[in-house]
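Q: Got a structure for you, upload-v6.cif, holding mmCIF, N, CA and C atoms.
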```cif
data_final
#
loop_
_atom_site.label_atom_id
_atom_site.label_comp_id
_atom_site.auth_asym_id
_atom_site.auth_seq_id
_atom_site.Cartn_x
_atom_site.Cartn_y
_atom_site.Cartn_z
N MET A 1 -92.81 129.98 -24.28
CA MET A 1 -91.41 129.69 -24.07
C MET A 1 -91.30 128.29 -23.47
N GLU A 2 -90.36 127.52 -23.99
CA GLU A 2 -90.21 126.14 -23.55
C GLU A 2 -89.69 126.02 -22.12
N LYS A 3 -88.71 126.83 -21.78
CA LYS A 3 -88.09 126.74 -20.46
C LYS A 3 -88.04 128.12 -19.83
N LEU A 4 -88.63 128.24 -18.64
CA LEU A 4 -88.65 129.52 -17.95
C LEU A 4 -87.42 129.70 -17.08
N PRO A 5 -86.94 130.94 -16.98
CA PRO A 5 -85.79 131.20 -16.11
C PRO A 5 -86.24 131.26 -14.65
N PRO A 6 -85.30 131.20 -13.72
CA PRO A 6 -85.66 131.49 -12.33
C PRO A 6 -86.18 132.94 -12.29
N ILE A 7 -87.20 133.21 -11.51
CA ILE A 7 -87.81 134.55 -11.45
C ILE A 7 -86.77 135.61 -11.08
N GLU A 8 -85.76 135.24 -10.33
CA GLU A 8 -84.74 136.21 -9.91
C GLU A 8 -83.98 136.82 -11.08
N LYS A 9 -83.99 136.18 -12.24
CA LYS A 9 -83.33 136.75 -13.42
C LYS A 9 -83.99 138.07 -13.83
N ILE A 10 -85.26 138.24 -13.47
CA ILE A 10 -85.95 139.50 -13.78
C ILE A 10 -85.33 140.64 -12.97
N TYR A 11 -84.97 140.38 -11.73
CA TYR A 11 -84.32 141.41 -10.90
C TYR A 11 -82.96 141.79 -11.48
N GLU A 12 -82.27 140.82 -12.03
CA GLU A 12 -80.98 141.11 -12.68
C GLU A 12 -81.21 141.99 -13.90
N ALA A 13 -82.32 141.76 -14.61
CA ALA A 13 -82.67 142.61 -15.75
C ALA A 13 -82.98 144.03 -15.27
N TYR A 14 -83.68 144.15 -14.13
CA TYR A 14 -83.96 145.48 -13.57
C TYR A 14 -82.66 146.24 -13.35
N SER A 15 -81.63 145.56 -12.82
CA SER A 15 -80.34 146.21 -12.57
C SER A 15 -79.72 146.71 -13.87
N ALA A 16 -79.75 145.87 -14.90
CA ALA A 16 -79.19 146.28 -16.19
C ALA A 16 -79.91 147.51 -16.73
N LEU A 17 -81.22 147.56 -16.54
CA LEU A 17 -82.02 148.71 -16.99
C LEU A 17 -81.71 149.94 -16.13
N ALA A 18 -81.65 149.75 -14.81
CA ALA A 18 -81.39 150.88 -13.89
C ALA A 18 -80.03 151.50 -14.15
N ASP A 19 -79.05 150.66 -14.50
CA ASP A 19 -77.68 151.13 -14.70
C ASP A 19 -77.36 151.48 -16.16
N ASN A 20 -78.39 151.46 -17.00
CA ASN A 20 -78.22 151.79 -18.43
C ASN A 20 -77.11 150.97 -19.08
N ARG A 21 -77.12 149.66 -18.84
CA ARG A 21 -76.08 148.78 -19.37
C ARG A 21 -76.50 148.09 -20.67
N ILE A 22 -77.56 148.59 -21.31
CA ILE A 22 -78.06 147.97 -22.54
C ILE A 22 -77.97 148.99 -23.67
N HIS A 23 -77.34 148.57 -24.75
CA HIS A 23 -77.24 149.43 -25.93
C HIS A 23 -77.96 148.71 -27.07
N MET A 24 -79.12 149.26 -27.42
CA MET A 24 -80.00 148.63 -28.40
C MET A 24 -79.62 148.98 -29.83
N GLY A 25 -79.70 147.97 -30.68
CA GLY A 25 -79.56 148.15 -32.12
C GLY A 25 -80.87 147.74 -32.77
N GLU A 26 -80.87 147.61 -34.08
CA GLU A 26 -82.08 147.25 -34.79
C GLU A 26 -82.46 145.78 -34.60
N THR A 27 -81.47 144.90 -34.64
CA THR A 27 -81.74 143.46 -34.51
C THR A 27 -80.88 142.81 -33.43
N SER A 28 -80.15 143.64 -32.68
CA SER A 28 -79.33 143.11 -31.60
C SER A 28 -79.08 144.19 -30.55
N ALA A 29 -78.58 143.74 -29.41
CA ALA A 29 -78.24 144.65 -28.33
C ALA A 29 -76.99 144.14 -27.63
N GLU A 30 -76.25 145.06 -27.03
CA GLU A 30 -75.09 144.71 -26.21
C GLU A 30 -75.48 145.01 -24.77
N VAL A 31 -75.27 144.03 -23.90
CA VAL A 31 -75.59 144.20 -22.49
C VAL A 31 -74.32 143.95 -21.68
N THR A 32 -73.93 144.94 -20.89
CA THR A 32 -72.74 144.82 -20.05
C THR A 32 -73.12 144.12 -18.75
N SER A 33 -72.24 143.23 -18.29
CA SER A 33 -72.50 142.47 -17.06
C SER A 33 -72.52 143.39 -15.84
N SER A 34 -73.07 142.87 -14.74
CA SER A 34 -73.24 143.68 -13.52
C SER A 34 -71.91 144.10 -12.90
N ASP A 35 -70.84 143.34 -13.16
CA ASP A 35 -69.54 143.74 -12.62
C ASP A 35 -68.69 144.47 -13.66
N GLY A 36 -69.25 144.66 -14.85
CA GLY A 36 -68.58 145.42 -15.90
C GLY A 36 -67.49 144.69 -16.64
N THR A 37 -67.28 143.42 -16.35
CA THR A 37 -66.16 142.70 -16.96
C THR A 37 -66.51 142.00 -18.27
N LYS A 38 -67.80 141.82 -18.54
CA LYS A 38 -68.23 141.11 -19.74
C LYS A 38 -69.30 141.89 -20.47
N SER A 39 -69.46 141.52 -21.73
CA SER A 39 -70.52 142.10 -22.54
C SER A 39 -71.20 140.96 -23.27
N TYR A 40 -72.52 140.98 -23.28
CA TYR A 40 -73.29 139.92 -23.93
C TYR A 40 -74.03 140.47 -25.13
N LYS A 41 -74.10 139.67 -26.17
CA LYS A 41 -74.84 140.08 -27.36
C LYS A 41 -76.18 139.34 -27.38
N VAL A 42 -77.24 140.12 -27.45
CA VAL A 42 -78.60 139.58 -27.61
C VAL A 42 -78.99 139.87 -29.05
N ALA A 43 -79.46 138.85 -29.75
CA ALA A 43 -79.92 139.03 -31.13
C ALA A 43 -81.33 138.48 -31.24
N TRP A 44 -82.10 139.06 -32.16
CA TRP A 44 -83.46 138.59 -32.34
C TRP A 44 -83.91 138.72 -33.78
N LYS A 45 -84.82 137.87 -34.13
CA LYS A 45 -85.51 137.94 -35.41
C LYS A 45 -86.91 137.42 -35.13
N ASP A 46 -87.89 138.29 -35.38
CA ASP A 46 -89.28 137.99 -35.05
C ASP A 46 -89.35 137.62 -33.55
N ASN A 47 -89.82 136.41 -33.22
CA ASN A 47 -89.93 136.00 -31.82
C ASN A 47 -88.86 135.01 -31.40
N THR A 48 -87.76 134.98 -32.15
CA THR A 48 -86.64 134.10 -31.82
C THR A 48 -85.49 134.95 -31.29
N TYR A 49 -84.98 134.55 -30.13
CA TYR A 49 -83.93 135.31 -29.46
C TYR A 49 -82.75 134.40 -29.13
N SER A 50 -81.56 134.99 -29.19
CA SER A 50 -80.36 134.30 -28.73
C SER A 50 -79.55 135.29 -27.92
N SER A 51 -78.68 134.76 -27.07
CA SER A 51 -77.79 135.63 -26.30
C SER A 51 -76.56 134.85 -25.92
N THR A 52 -75.45 135.57 -25.76
CA THR A 52 -74.19 134.93 -25.40
C THR A 52 -74.02 134.79 -23.89
N ASP A 53 -75.01 135.24 -23.08
CA ASP A 53 -74.88 135.03 -21.63
C ASP A 53 -75.05 133.54 -21.32
N ASN A 54 -74.43 133.10 -20.23
CA ASN A 54 -74.42 131.67 -19.88
C ASN A 54 -75.81 131.07 -19.74
N ALA A 55 -76.72 131.76 -19.08
CA ALA A 55 -78.07 131.20 -18.85
C ALA A 55 -78.77 130.92 -20.17
N THR A 56 -78.77 131.90 -21.06
CA THR A 56 -79.45 131.72 -22.34
C THR A 56 -78.73 130.69 -23.20
N PHE A 57 -77.42 130.80 -23.27
CA PHE A 57 -76.65 129.93 -24.16
C PHE A 57 -76.62 128.48 -23.68
N TRP A 58 -76.33 128.28 -22.39
CA TRP A 58 -76.14 126.91 -21.88
C TRP A 58 -77.39 126.31 -21.27
N GLN A 59 -78.21 127.13 -20.60
CA GLN A 59 -79.39 126.59 -19.93
C GLN A 59 -80.63 126.59 -20.82
N GLY A 60 -80.61 127.41 -21.87
CA GLY A 60 -81.72 127.41 -22.82
C GLY A 60 -82.94 128.19 -22.38
N TYR A 61 -82.77 129.04 -21.38
CA TYR A 61 -83.88 129.93 -20.99
C TYR A 61 -83.44 131.38 -21.17
N ALA A 62 -84.41 132.28 -21.16
CA ALA A 62 -84.10 133.70 -21.32
C ALA A 62 -83.34 134.20 -20.10
N GLY A 63 -82.07 134.52 -20.29
CA GLY A 63 -81.27 135.10 -19.22
C GLY A 63 -81.63 136.57 -19.04
N TYR A 64 -81.02 137.21 -18.04
CA TYR A 64 -81.38 138.59 -17.77
C TYR A 64 -81.13 139.53 -18.96
N PRO A 65 -80.10 139.33 -19.81
CA PRO A 65 -79.96 140.24 -20.95
C PRO A 65 -81.17 140.19 -21.90
N VAL A 66 -81.69 138.98 -22.13
CA VAL A 66 -82.86 138.83 -23.00
C VAL A 66 -84.08 139.48 -22.34
N ILE A 67 -84.26 139.24 -21.05
CA ILE A 67 -85.41 139.82 -20.33
C ILE A 67 -85.35 141.35 -20.38
N ALA A 68 -84.17 141.91 -20.16
CA ALA A 68 -84.02 143.37 -20.20
C ALA A 68 -84.39 143.92 -21.59
N VAL A 69 -83.94 143.23 -22.63
CA VAL A 69 -84.27 143.64 -24.00
C VAL A 69 -85.78 143.55 -24.24
N LEU A 70 -86.40 142.49 -23.76
CA LEU A 70 -87.86 142.33 -23.93
C LEU A 70 -88.62 143.47 -23.25
N ILE A 71 -88.12 143.92 -22.10
CA ILE A 71 -88.74 145.06 -21.41
C ILE A 71 -88.56 146.33 -22.25
N LEU A 72 -87.35 146.55 -22.77
CA LEU A 72 -87.10 147.74 -23.60
C LEU A 72 -87.92 147.70 -24.89
N GLN A 73 -88.20 146.51 -25.40
CA GLN A 73 -89.01 146.37 -26.61
C GLN A 73 -90.51 146.42 -26.31
N SER A 74 -90.86 146.60 -25.04
CA SER A 74 -92.26 146.63 -24.59
C SER A 74 -92.99 145.32 -24.85
N LYS A 75 -92.25 144.22 -24.95
CA LYS A 75 -92.88 142.90 -25.05
C LYS A 75 -93.23 142.41 -23.65
N LEU A 76 -92.54 142.96 -22.65
CA LEU A 76 -92.86 142.74 -21.25
C LEU A 76 -93.09 144.12 -20.63
N THR A 77 -94.13 144.23 -19.83
CA THR A 77 -94.43 145.50 -19.17
C THR A 77 -93.99 145.41 -17.72
N ALA A 78 -93.08 146.29 -17.34
CA ALA A 78 -92.57 146.32 -15.97
C ALA A 78 -92.64 147.76 -15.45
N ASP A 79 -92.82 147.90 -14.16
CA ASP A 79 -92.88 149.21 -13.51
C ASP A 79 -91.45 149.75 -13.38
N SER A 80 -91.12 150.74 -14.20
CA SER A 80 -89.74 151.25 -14.21
C SER A 80 -89.34 151.89 -12.88
N ALA A 81 -90.30 152.25 -12.05
CA ALA A 81 -89.98 152.82 -10.73
C ALA A 81 -89.27 151.79 -9.85
N ILE A 82 -89.47 150.52 -10.14
CA ILE A 82 -88.82 149.44 -9.38
C ILE A 82 -87.33 149.36 -9.70
N PHE A 83 -86.96 149.67 -10.92
CA PHE A 83 -85.59 149.47 -11.39
C PHE A 83 -84.55 150.11 -10.48
N THR A 84 -84.82 151.32 -10.02
CA THR A 84 -83.84 152.07 -9.23
C THR A 84 -83.41 151.33 -7.97
N HIS A 85 -84.28 150.49 -7.42
CA HIS A 85 -83.95 149.73 -6.21
C HIS A 85 -82.84 148.71 -6.48
N PHE A 86 -82.55 148.46 -7.75
CA PHE A 86 -81.58 147.42 -8.10
C PHE A 86 -80.35 148.00 -8.80
N SER A 87 -80.21 149.31 -8.74
CA SER A 87 -79.07 149.98 -9.33
C SER A 87 -77.80 149.62 -8.56
N GLY A 88 -76.72 149.38 -9.30
CA GLY A 88 -75.42 149.15 -8.68
C GLY A 88 -75.23 147.80 -8.02
N VAL A 89 -76.11 146.84 -8.30
CA VAL A 89 -75.98 145.51 -7.70
C VAL A 89 -75.02 144.65 -8.54
N ASN A 90 -74.01 144.09 -7.89
CA ASN A 90 -73.08 143.19 -8.57
C ASN A 90 -73.61 141.76 -8.39
N TRP A 91 -74.50 141.37 -9.31
CA TRP A 91 -75.13 140.05 -9.23
C TRP A 91 -74.11 138.93 -9.41
N ASN A 92 -73.08 139.19 -10.19
CA ASN A 92 -72.07 138.16 -10.43
C ASN A 92 -71.45 137.71 -9.11
N SER A 93 -70.98 138.65 -8.30
CA SER A 93 -70.35 138.28 -7.04
C SER A 93 -71.37 137.71 -6.05
N LEU A 94 -72.58 138.28 -6.02
CA LEU A 94 -73.62 137.76 -5.12
C LEU A 94 -73.99 136.31 -5.46
N ASN A 95 -74.17 136.04 -6.75
CA ASN A 95 -74.55 134.69 -7.17
C ASN A 95 -73.42 133.69 -6.89
N LYS A 96 -72.18 134.13 -7.03
CA LYS A 96 -71.05 133.25 -6.69
C LYS A 96 -71.02 133.01 -5.18
N LYS A 97 -71.17 134.09 -4.42
CA LYS A 97 -71.14 134.01 -2.96
C LYS A 97 -72.19 133.03 -2.44
N HIS A 98 -73.35 133.05 -3.04
CA HIS A 98 -74.46 132.20 -2.60
C HIS A 98 -74.59 130.92 -3.43
N LYS A 99 -73.54 130.58 -4.17
CA LYS A 99 -73.48 129.35 -4.96
C LYS A 99 -74.73 129.16 -5.85
N ARG A 100 -75.08 130.22 -6.55
CA ARG A 100 -76.20 130.24 -7.49
C ARG A 100 -77.57 130.03 -6.83
N ASP A 101 -77.64 130.29 -5.52
CA ASP A 101 -78.94 130.32 -4.84
C ASP A 101 -79.48 131.73 -5.05
N TYR A 102 -80.20 131.90 -6.17
CA TYR A 102 -80.63 133.22 -6.60
C TYR A 102 -81.57 133.90 -5.61
N ARG A 103 -82.39 133.12 -4.94
CA ARG A 103 -83.33 133.68 -3.96
C ARG A 103 -82.56 134.29 -2.78
N THR A 104 -81.56 133.58 -2.29
CA THR A 104 -80.76 134.09 -1.18
C THR A 104 -80.02 135.36 -1.60
N ALA A 105 -79.50 135.37 -2.82
CA ALA A 105 -78.82 136.57 -3.34
C ALA A 105 -79.80 137.75 -3.37
N LEU A 106 -81.02 137.51 -3.83
CA LEU A 106 -82.04 138.57 -3.88
C LEU A 106 -82.36 139.08 -2.48
N MET A 107 -82.48 138.17 -1.52
CA MET A 107 -82.78 138.58 -0.15
C MET A 107 -81.66 139.46 0.42
N GLU A 108 -80.43 139.18 0.02
CA GLU A 108 -79.32 140.02 0.46
C GLU A 108 -79.43 141.42 -0.14
N VAL A 109 -79.86 141.50 -1.39
CA VAL A 109 -80.04 142.81 -2.03
C VAL A 109 -81.12 143.60 -1.29
N PHE A 110 -82.24 142.96 -1.00
CA PHE A 110 -83.32 143.63 -0.26
C PHE A 110 -82.80 144.14 1.09
N ALA A 111 -82.00 143.33 1.78
CA ALA A 111 -81.45 143.73 3.08
C ALA A 111 -80.47 144.89 2.94
N GLU A 112 -79.58 144.80 1.93
CA GLU A 112 -78.59 145.86 1.70
C GLU A 112 -79.26 147.19 1.38
N LYS A 113 -80.35 147.11 0.61
CA LYS A 113 -81.05 148.33 0.20
C LYS A 113 -81.98 148.84 1.31
N GLN A 114 -82.09 148.06 2.40
CA GLN A 114 -82.91 148.42 3.55
C GLN A 114 -84.35 148.75 3.15
N LEU A 115 -84.90 147.89 2.30
CA LEU A 115 -86.27 148.09 1.86
C LEU A 115 -87.24 147.56 2.90
N PRO A 116 -88.29 148.34 3.22
CA PRO A 116 -89.29 147.84 4.17
C PRO A 116 -90.07 146.67 3.56
N GLN A 117 -90.58 145.78 4.41
CA GLN A 117 -91.28 144.59 3.93
C GLN A 117 -92.42 144.93 2.98
N GLU A 118 -93.12 146.01 3.26
CA GLU A 118 -94.23 146.43 2.39
C GLU A 118 -93.74 146.71 0.97
N LYS A 119 -92.59 147.35 0.85
CA LYS A 119 -91.99 147.66 -0.45
C LYS A 119 -91.53 146.37 -1.14
N ILE A 120 -90.91 145.47 -0.37
CA ILE A 120 -90.47 144.19 -0.92
C ILE A 120 -91.68 143.42 -1.46
N ASP A 121 -92.76 143.39 -0.69
CA ASP A 121 -93.97 142.68 -1.12
C ASP A 121 -94.50 143.25 -2.43
N HIS A 122 -94.49 144.59 -2.53
CA HIS A 122 -94.96 145.26 -3.75
C HIS A 122 -94.05 144.89 -4.94
N ILE A 123 -92.75 144.97 -4.74
CA ILE A 123 -91.79 144.66 -5.81
C ILE A 123 -91.96 143.20 -6.25
N GLU A 124 -92.10 142.29 -5.30
CA GLU A 124 -92.25 140.89 -5.65
C GLU A 124 -93.57 140.62 -6.38
N ALA A 125 -94.62 141.31 -5.98
CA ALA A 125 -95.91 141.15 -6.67
C ALA A 125 -95.82 141.66 -8.11
N MET A 126 -95.18 142.80 -8.29
CA MET A 126 -95.02 143.37 -9.63
C MET A 126 -94.13 142.46 -10.49
N THR A 127 -93.11 141.91 -9.90
CA THR A 127 -92.20 141.02 -10.63
C THR A 127 -92.90 139.72 -11.00
N GLN A 128 -93.78 139.25 -10.14
CA GLN A 128 -94.57 138.05 -10.46
C GLN A 128 -95.43 138.31 -11.70
N GLN A 129 -95.94 139.53 -11.84
CA GLN A 129 -96.73 139.88 -13.03
C GLN A 129 -95.86 139.84 -14.28
N VAL A 130 -94.63 140.33 -14.18
CA VAL A 130 -93.70 140.29 -15.31
C VAL A 130 -93.41 138.83 -15.66
N TYR A 131 -93.23 138.00 -14.65
CA TYR A 131 -92.95 136.57 -14.85
C TYR A 131 -94.12 135.89 -15.58
N GLU A 132 -95.33 136.25 -15.20
CA GLU A 132 -96.51 135.68 -15.87
C GLU A 132 -96.57 136.12 -17.34
N GLN A 133 -96.21 137.37 -17.60
CA GLN A 133 -96.15 137.85 -18.98
C GLN A 133 -95.11 137.05 -19.77
N LEU A 134 -93.95 136.81 -19.14
CA LEU A 134 -92.89 136.05 -19.78
C LEU A 134 -93.37 134.64 -20.11
N ARG A 135 -94.11 134.06 -19.18
CA ARG A 135 -94.66 132.71 -19.37
C ARG A 135 -95.60 132.67 -20.59
N GLN A 136 -96.33 133.75 -20.81
CA GLN A 136 -97.32 133.81 -21.90
C GLN A 136 -96.70 134.16 -23.26
N LEU A 137 -95.50 134.72 -23.24
CA LEU A 137 -94.88 135.14 -24.51
C LEU A 137 -94.60 133.96 -25.42
N ASP A 138 -94.86 134.16 -26.69
CA ASP A 138 -94.55 133.14 -27.69
C ASP A 138 -93.13 133.41 -28.19
N LEU A 139 -92.16 132.93 -27.42
CA LEU A 139 -90.76 133.17 -27.74
C LEU A 139 -90.04 131.85 -27.97
N LYS A 140 -89.03 131.93 -28.81
CA LYS A 140 -88.15 130.78 -29.00
C LYS A 140 -86.75 131.23 -28.63
N ILE A 141 -86.11 130.49 -27.74
CA ILE A 141 -84.74 130.78 -27.33
C ILE A 141 -83.82 129.79 -28.03
N VAL A 142 -82.83 130.32 -28.74
CA VAL A 142 -81.89 129.46 -29.46
C VAL A 142 -80.46 129.85 -29.07
N ARG A 143 -79.54 128.93 -29.30
CA ARG A 143 -78.14 129.22 -28.99
C ARG A 143 -77.55 130.25 -29.95
N LYS A 144 -77.86 130.09 -31.20
CA LYS A 144 -77.31 131.00 -32.21
C LYS A 144 -78.41 131.32 -33.20
N LEU A 145 -78.59 132.59 -33.45
CA LEU A 145 -79.60 133.05 -34.38
C LEU A 145 -79.10 132.83 -35.80
N SER A 146 -79.89 132.17 -36.59
CA SER A 146 -79.52 131.93 -37.99
C SER A 146 -79.59 133.26 -38.74
N THR A 147 -78.54 133.56 -39.47
CA THR A 147 -78.52 134.82 -40.21
C THR A 147 -79.13 134.65 -41.61
N ALA A 148 -79.39 133.42 -42.00
CA ALA A 148 -80.00 133.18 -43.32
C ALA A 148 -81.47 133.61 -43.30
N SER A 149 -81.91 134.25 -44.36
CA SER A 149 -83.29 134.73 -44.40
C SER A 149 -84.22 133.67 -44.92
#
```
Please re-express this file's structure in structure tokens.

A:
Amino acid sequence: MEKLPPIEKIYEAYSALADNRIHMGETSAEVTSSDGTKSYKVAWKDNTYSSTDNATFWQGYAGYPVIAVLILQSKLTADSAIFTHFSGVNWNSLNKKHKRDYRTALMEVFAEKQLPQEKIDHIEAMTQQVYEQLRQLDLKIVRKLSTAS
């Protein structure tokens, strides 16, 4: 992948998975935003992915909807036991509150969920493994998936 997302986008993907906000199709998926106000379309063909979320579309890296789809497609291996810790998180408001300081937003989630440091360390170590897998994936992120065969 040419451009990697901030690692915190993986935690946002965990929330989408924990809250069952992803509806998979054969070549596309619909992912509902954390506050429920938006829906993003992720499309793929072979190893090329596009999504209508801001990060993927404007920043050119895999946003959380793409990461969540990659986990569901088993292209990324993540410990599903971690997902529940991120259920019900409104990342949209947190990221706005912290002016897109994703690390600070994540630290607030850990504090709100009252996770012990040992658990946080484990979650972060497991997420680092997912990030390394993402780094190794041969993926192409595009703004719009060409429908021509």

Q: Among chain A, which ones does DSSP assign to strand (DSSP E or B) (computed from the backbone)? Answer as a ChimeraX atom specification.

A: /A:22-24,28-32,39-45,48-51,140-141

Q: Quick one: distance from CA of His23 (chain A) to CA of Val69 (chain A) in Å, one decimal?

A: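 That distance, rounded to one decimal, is 9.3 Å.
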
Q: Provide the atom N of His98 (chain A) to atom C of Ile82 (chain A) distance in Å, to one decimal place.

A: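 Between these atoms lies a distance of 22.5 Å.
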
Q: So that I can check the surroundings of Ala62 (chain A), please list as a list in words every protein, DNA and RNA residue that reaches within 6.5 Å of it, counting only N, CA and C atoms and ignoring chain neighbours fewer than 2 positions away.

A: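 Residues near the query, excluding close chain neighbours: Lys3, Leu4, Pro5, Ala55, Thr56, Gly60, Tyr64, Pro65, Val66, Ile67 and Ile141 of chain A.
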
Q: Would you write out, as a list in words, every residue that the PyMOL selection byres (((chain A and resi 110 and name CA) around 12) and name CA) captures in this file?

A: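 So the PyMOL selection byres (((chain A and resi 110 and name CA) around 12) and name CA), applied here, picks out Tyr11, His85, Phe86, Ser87, Val89, Arg103, Thr104, Ala105, Leu106, Met107, Glu108, Val109, Ala111, Glu112, Lys113, Gln114, Leu115, Pro116, Gln117, Glu118, Lys119, Ile120, Asp121, Ile123 and Glu124 of chain A.
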
Q: Record the distance separating CA of Ala81 (chain A) and CA of Gln128 (chain A), expressed in Å with one decimal.

A: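 Taking CA of Ala81 (chain A) and CA of Gln128 (chain A), their separation equals 15.5 Å.
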
Q: Write out as an mmCIF file with N, CA and C atoms, in the frame of the given file the residues lying within 7 Å of Tyr14 (chain A), counting only C-alpha atoms and excluding same-chain residues fewer than 4 positions away.

A:
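The resulting file, result_32.cif, is reproduced below:
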```cif
data_model
loop_
_atom_site.group_PDB
_atom_site.id
_atom_site.type_symbol
_atom_site.label_atom_id
_atom_site.label_comp_id
_atom_site.auth_asym_id
_atom_site.auth_seq_id
_atom_site.Cartn_x
_atom_site.Cartn_y
_atom_site.Cartn_z
ATOM 1 N N ILE A 10 -85.260 138.240 -13.470
ATOM 2 C CA ILE A 10 -85.950 139.500 -13.780
ATOM 3 C C ILE A 10 -85.330 140.640 -12.970
ATOM 4 N N ALA A 18 -81.650 149.750 -14.810
ATOM 5 C CA ALA A 18 -81.390 150.880 -13.890
ATOM 6 C C ALA A 18 -80.030 151.500 -14.150
ATOM 7 N N ALA A 68 -84.170 141.910 -20.160
ATOM 8 C CA ALA A 68 -84.020 143.370 -20.200
ATOM 9 C C ALA A 68 -84.390 143.920 -21.590
ATOM 10 N N PHE A 83 -86.960 149.670 -10.920
ATOM 11 C CA PHE A 83 -85.590 149.470 -11.390
ATOM 12 C C PHE A 83 -84.550 150.110 -10.480
ATOM 13 N N PHE A 86 -82.550 148.460 -7.750
ATOM 14 C CA PHE A 86 -81.580 147.420 -8.100
ATOM 15 C C PHE A 86 -80.350 148.000 -8.800
#
```

Q: Give me region 120-140 of chain A from this structure - C-alpha atoms, as a tab-separated table (two decimals), in the first residue's frame.

A:
```tsv
chain	number	residue	atom	x	y	z
A	120	ILE	CA	-4.58	-1.73	26.90
A	121	ASP	CA	-1.03	-3.00	26.31
A	122	HIS	CA	-2.41	-6.29	24.95
A	123	ILE	CA	-4.91	-4.51	22.66
A	124	GLU	CA	-2.22	-2.16	21.36
A	125	ALA	CA	0.19	-5.04	20.72
A	126	MET	CA	-2.48	-6.98	18.82
A	127	THR	CA	-3.42	-3.87	16.83
A	128	GLN	CA	0.24	-3.29	15.95
A	129	GLN	CA	0.23	-6.79	14.42
A	130	VAL	CA	-2.83	-5.88	12.33
A	131	TYR	CA	-1.04	-2.68	11.25
A	132	GLU	CA	2.00	-4.69	10.16
A	133	GLN	CA	-0.26	-6.99	8.13
A	134	LEU	CA	-1.82	-3.92	6.51
A	135	ARG	CA	1.65	-2.62	5.68
A	136	GLN	CA	2.47	-5.92	3.93
A	137	LEU	CA	-0.76	-6.14	1.93
A	138	ASP	CA	-0.48	-5.60	-1.80
A	139	LEU	CA	-3.41	-3.20	-2.04
A	140	LYS	CA	-4.21	-0.29	-4.28
```
